[in-house]
Each structure stands twice: as C-alpha cells, then as structure tokens.
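Novice: Let me begin by handing over the structure; questions about it come next.
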Amino acid sequence: MAQFIAFEKDAEVAGHAILTCLNCFPEYFRADVERLLKEKNIVDIAPIKWFNLQNYLDVLKEVSTRYGANTLFNVGVAIGEGAPSSPETTLQSALAAWDALYRSHHHNAYLGYIKLLSFDNQAKKAVVEVKTPYPCHFERGLATALARKFKPQDAGFIDVQLDKSKPSRLDGADSSFYVIYWI
C-alpha cells in the first residue's frame with residue numbers, strides 16, 4: 001500500500017491529533033498548512049471532533065511536496081516528543097504501546113498496525129513493523145522521538161533507520177520496517 005492513502009474511506013483522525021500536528025509545524029508556514037486543512041474541509045478543529053483521514057493525508061502529502069520529507073520527519077519527532085510517559089516507561093514498552101497510541105487517535109475503519117517485532121537489549125537493537133497510511137519519513141520521526149525519549153539508561157546514541165533490505169511503503173509495499181539501534 002502506498003503512502004498517503006487511507007485503507008478505507010470512512011477512516012477518521014481525531015481533532016486533537018490534527019491540532020498536535022499543526023502546532024509542530026514551524027511558525028513561518030503554519031498559516032499555509034491551516035489553509036490546506038480548510039481546502040480539505042478540516043475546519044473548526046476541536047480535540048473531540050473527528051475528521052476524514054484521507055483529507056488529512058492529502059494535506060500531509062501536499063506539505064511533503066511543498067516543504068520536503070525532512071519537514072514530515074521533524075513534525076513526527078515533535079509529535080513523538082509529546083508522547084505520554086511515566087517513570088516506568090522503557091523503550092521496549094513505549095515501542096510496544098505505539099500501536100495503542102496510534103489507535104487512540106484514529107477510528108471508524110481498518111487502520112493497519114504498528115508492531116514491535118523484536119527487542120534485544122544485548123544486541124542493542126529493536127525492529128518495528130509499521131503498516132499505516134502515514135508517510136515513512138513522518139513515522140521514522142515518531143520512532144526517533146520515542147527512541148530518544150525512552151532510550152535505555154546505558155545508551156548514549158540512538159539511530160533509527162528504515163530497513164532498506166526490505167521493501168517499504170516508499171516503494172509501494174504494504175508495510176515498512178524500522179530498525180532502532182543504540183550504543
């Protein structure tokens with residue numbers, strides 16, 4: 001499945017997720033993003049309202065076209081930095097809970113999934129499979145923020161990469177795999 005395409009036409013995204021995303025855009029082009037949202041009938045955004053996911057994805061696609069993949073990565077990082085946490089949250093538990101967090105912001109249709117496939121403290125490596133309609137650069141930003149925020153105590157450096165040894169949604173595959181390393 002390609003990026004920016006909802007799995008079902010009735011899928012919806014929560015207003016609070018859109019507002020969080022909007023507030024992560026740099027000030028100098030936030031007005032442009034607000035205009036794009038209005039063009040896609042995403043207006044009067046309130047935290048408890050729901051909006052058509054495809055319309056929102058269309059906005060993100062236009063943002064990617066205008067401002068580049070790095071912008072989506074940075075927005076993903078900013079959103080991930082705000083992820084809820086507690087003192088007991090570990091990198092493994094945060095990655096395992098990512099799917100539940102994703103589902104709390106979306107509803108009304110098949111949404112795909114985010115699955116922690118492996119977590120190896122000795123090898124200092126985790127692998128996450130992501131099958132959502134969001135762009136890969138945005139998801140890698142989210143994974144990067146989660147990895148930084150909840151890095152193991154002995155980790156000095158975190159690296160999150162799209163696994164290029166496997167097909168990804170950048171190439172039209174159904175899912176993408178992210179490898180998280182720490183040293």
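Please note that chains go A, B, ... in the order of the structure tokens, that every chain numbers its residues from 1, and that ligands are numbered from 1 in the order shown.
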Mind running range 112-164 of chain A against range 64-85 of chain A at 6 Å and telling me each contacting residue's nearest atom pair with the distance in Å (one decimal), counting only C-alpha atoms, chain and number ascending, as a Markdown table?
Specialist:
| residue | atom | partner | partner_atom | distance |
| --- | --- | --- | --- | --- |
| A:His137 | CA | A:Phe73 | CA | 4.9 |
| A:Phe138 | CA | A:Phe73 | CA | 4.5 |
| A:Gly141 | CA | A:Gly76 | CA | 4.2 |
| A:Leu142 | CA | A:Gly76 | CA | 4.5 |
| A:Ala145 | CA | A:Val77 | CA | 4.9 |
| A:Leu146 | CA | A:Gly80 | CA | 5.8 |
Novice: Excluding Leu36 in chain A and any residue of its chain fewer than 4 positions from it, enumerate the residues within 10 Å of it, using only C-alpha atoms, and give them as number ranges by chain.
Specialist: A: 30-32, 40-42, 55-56, 58-60, 62-63
Novice: Using C-alpha atoms, can you write the selected residues to a file as a CSV table (one decimal), in the first residue's frame?
Specialist:
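This is the output file again21.csv:
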chain,number,residue,atom,x,y,z
A,30,ARG,CA,1.7,27.2,9.7
A,31,ALA,CA,-0.8,29.6,8.0
A,32,ASP,CA,-0.2,27.7,4.8
A,40,LYS,CA,-9.8,19.7,2.6
A,41,ASN,CA,-12.8,20.7,4.8
A,42,ILE,CA,-10.9,20.3,8.0
A,55,ASN,CA,-8.4,14.5,3.6
A,56,TYR,CA,-5.8,14.9,6.4
A,58,ASP,CA,-3.9,14.7,1.4
A,59,VAL,CA,-2.8,17.7,3.4
A,60,LEU,CA,0.3,15.9,4.6
A,62,GLU,CA,0.9,18.5,-0.1
A,63,VAL,CA,3.1,19.5,2.8
Novice: From the set A:Pro135, A:Pro87, A:Pro47, A:Gly15, which residue has the shortest atom-to-atom contact distance to Asp171 in chain A, counting only C-alpha atoms?
Specialist: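 Of all the options, A:Pro135 lies closest to Asp171 in chain A.
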Novice: Find, counting only C-alpha atoms, the residue in A:Arg35, A:Lys61, A:Arg148, A:His105 that gets nearest to Ile48 in chain A.
Specialist: A:His105
Novice: Which polymer residues have any atom within 10 Å of an atom of Glu8 in chain A, counting only C-alpha atoms, with same-chain residues fewer than 6 positions away left out, as an MDAnalysis selection string?
Specialist: chainID A and resid 53:54 108:111
Novice: Could you pull out the alpha helix (DSSP H) residues of range 3-102 of chain A from DSSP and send them as a PDB file with C-alpha atoms, in the first residue's frame?
Specialist:
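Output file result_19.pdb is given in full below:
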ATOM      1  CA  GLY A  15      -9.063  16.634  16.105  1.00  0.00           C
ATOM      2  CA  HIS A  16      -6.568  16.566  18.959  1.00  0.00           C
ATOM      3  CA  ALA A  17      -4.116  14.668  16.706  1.00  0.00           C
ATOM      4  CA  ILE A  18      -4.518  17.258  13.950  1.00  0.00           C
ATOM      5  CA  LEU A  19      -4.048  20.127  16.407  1.00  0.00           C
ATOM      6  CA  THR A  20      -0.941  18.490  17.861  1.00  0.00           C
ATOM      7  CA  CYS A  21       0.476  18.058  14.370  1.00  0.00           C
ATOM      8  CA  LEU A  22      -0.417  21.614  13.340  1.00  0.00           C
ATOM      9  CA  ASN A  23       1.349  23.034  16.387  1.00  0.00           C
ATOM     10  CA  CYS A  24       4.519  21.135  15.427  1.00  0.00           C
ATOM     11  CA  GLU A  27       5.577  29.153  12.630  1.00  0.00           C
ATOM     12  CA  TYR A  28       6.681  30.539   9.260  1.00  0.00           C
ATOM     13  CA  PHE A  29       4.412  28.211   7.281  1.00  0.00           C
ATOM     14  CA  ARG A  30       1.729  27.207   9.748  1.00  0.00           C
ATOM     15  CA  ALA A  31      -0.761  29.576   8.044  1.00  0.00           C
ATOM     16  CA  ASP A  32      -0.183  27.726   4.774  1.00  0.00           C
ATOM     17  CA  VAL A  33      -0.914  24.387   6.471  1.00  0.00           C
ATOM     18  CA  GLU A  34      -4.077  25.865   8.027  1.00  0.00           C
ATOM     19  CA  ARG A  35      -5.179  26.961   4.544  1.00  0.00           C
ATOM     20  CA  LEU A  36      -4.533  23.454   3.180  1.00  0.00           C
ATOM     21  CA  LEU A  37      -6.613  21.983   6.009  1.00  0.00           C
ATOM     22  CA  LYS A  38      -9.501  24.321   5.170  1.00  0.00           C
ATOM     23  CA  GLU A  39      -9.288  23.343   1.499  1.00  0.00           C
ATOM     24  CA  LEU A  53      -8.371  10.641   7.445  1.00  0.00           C
ATOM     25  CA  GLN A  54      -7.906  10.739   3.671  1.00  0.00           C
ATOM     26  CA  ASN A  55      -8.426  14.502   3.649  1.00  0.00           C
ATOM     27  CA  TYR A  56      -5.804  14.853   6.376  1.00  0.00           C
ATOM     28  CA  LEU A  57      -3.390  12.580   4.486  1.00  0.00           C
ATOM     29  CA  ASP A  58      -3.914  14.723   1.386  1.00  0.00           C
ATOM     30  CA  VAL A  59      -2.783  17.742   3.419  1.00  0.00           C
ATOM     31  CA  LEU A  60       0.318  15.894   4.635  1.00  0.00           C
ATOM     32  CA  LYS A  61       1.109  14.852   1.067  1.00  0.00           C
ATOM     33  CA  GLU A  62       0.890  18.466  -0.083  1.00  0.00           C
ATOM     34  CA  VAL A  63       3.100  19.529   2.829  1.00  0.00           C
ATOM     35  CA  SER A  64       5.626  16.874   1.784  1.00  0.00           C
ATOM     36  CA  THR A  65       5.558  18.132  -1.801  1.00  0.00           C
ATOM     37  CA  ARG A  66       5.988  21.782  -0.799  1.00  0.00           C
ATOM     38  CA  TYR A  67       8.335  21.520   2.161  1.00  0.00           C
ATOM     39  CA  ALA A  69      10.350  14.858   3.609  1.00  0.00           C
ATOM     40  CA  ASN A  70      12.563  16.357   6.326  1.00  0.00           C
ATOM     41  CA  THR A  71       9.678  18.572   7.392  1.00  0.00           C
ATOM     42  CA  LEU A  72       7.487  15.499   7.910  1.00  0.00           C
ATOM     43  CA  PHE A  73      10.330  13.795   9.793  1.00  0.00           C
ATOM     44  CA  ASN A  74      10.699  16.823  12.089  1.00  0.00           C
ATOM     45  CA  VAL A  75       6.943  17.001  12.693  1.00  0.00           C
ATOM     46  CA  GLY A  76       6.974  13.288  13.552  1.00  0.00           C
ATOM     47  CA  VAL A  77       9.791  13.928  16.032  1.00  0.00           C
ATOM     48  CA  ALA A  78       7.900  16.812  17.623  1.00  0.00           C
ATOM     49  CA  ILE A  79       4.746  14.735  17.993  1.00  0.00           C
ATOM     50  CA  GLY A  80       6.672  11.785  19.436  1.00  0.00           C
ATOM     51  CA  GLU A  81       8.369  14.025  21.989  1.00  0.00           C
ATOM     52  CA  LEU A  91      11.965   1.904  25.224  1.00  0.00           C
ATOM     53  CA  GLN A  92      10.543  -1.594  24.847  1.00  0.00           C
ATOM     54  CA  SER A  93       7.228  -0.695  26.496  1.00  0.00           C
ATOM     55  CA  ALA A  94       6.961   2.570  24.532  1.00  0.00           C
ATOM     56  CA  LEU A  95       7.506   0.797  21.207  1.00  0.00           C
ATOM     57  CA  ALA A  96       5.057  -1.945  22.208  1.00  0.00           C
ATOM     58  CA  ALA A  97       2.441   0.704  23.136  1.00  0.00           C
ATOM     59  CA  TRP A  98       2.882   2.715  19.927  1.00  0.00           C
ATOM     60  CA  ASP A  99       0.034   0.832  18.222  1.00  0.00           C
ATOM     61  CA  ALA A 100      -2.401   1.593  21.059  1.00  0.00           C
ATOM     62  CA  LEU A 101      -1.434   5.265  20.921  1.00  0.00           C
ATOM     63  CA  TYR A 102      -1.994   5.280  17.150  1.00  0.00           C
TER      64      TYR A 102
END
Novice: From a DSSP calculation on the backbone, collect every residue of range 19-148 of chain A in strand (DSSP E) and output the set as a list in words.
Specialist: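 Here are the strand (DSSP E) residues of range 19-148 of chain A: Trp50, Phe51, Asn52, His106, His107, Tyr113, Ile114, Lys115, Leu116, Leu117, Ser118, Phe119, Asp120, Lys125, Ala126, Val127, Val128, Glu129, Val130 and Lys131 of chain A.
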Novice: Which value, in Å to one decimal, gives the distance between CA of Tyr178 in chain A and CA of Pro152 in chain A?
Specialist: 17.6 Å
Novice: Which residue out of A:Gln122, A:Ser104, A:Thr132, A:Thr90 has the minimum interatomic distance to Ala6 in chain A when only C-alpha atoms are used?
Specialist: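 Among A:Gln122, A:Ser104, A:Thr132, A:Thr90, it is A:Thr132 that comes nearest to Ala6 in chain A.
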Novice: Show which residues sit within 9 Å of Ser118 in chain A, as a compact mmCIF listing (two decimals) with C-alpha atoms, in the first residue's frame. Count only C-alpha atoms, and ignore same-chain residues fewer than 2 positions away.
Specialist:
# COMPACT_ATOMS: atom_id res chain seq x y z
CA LEU A 116 7.23 -4.38 17.80
CA ASP A 120 17.21 -7.28 22.02
CA LYS A 125 18.54 -3.33 18.56
CA ALA A 126 14.78 -3.26 18.08
CA VAL A 127 12.69 -3.76 14.94
CA VAL A 128 9.24 -2.28 14.42
Novice: Report the distance between CA of Lys131 in chain A and CA of Gly172 in chain A in Å, rounded to one decimal place.
Specialist: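 It comes out at 11.5 Å.
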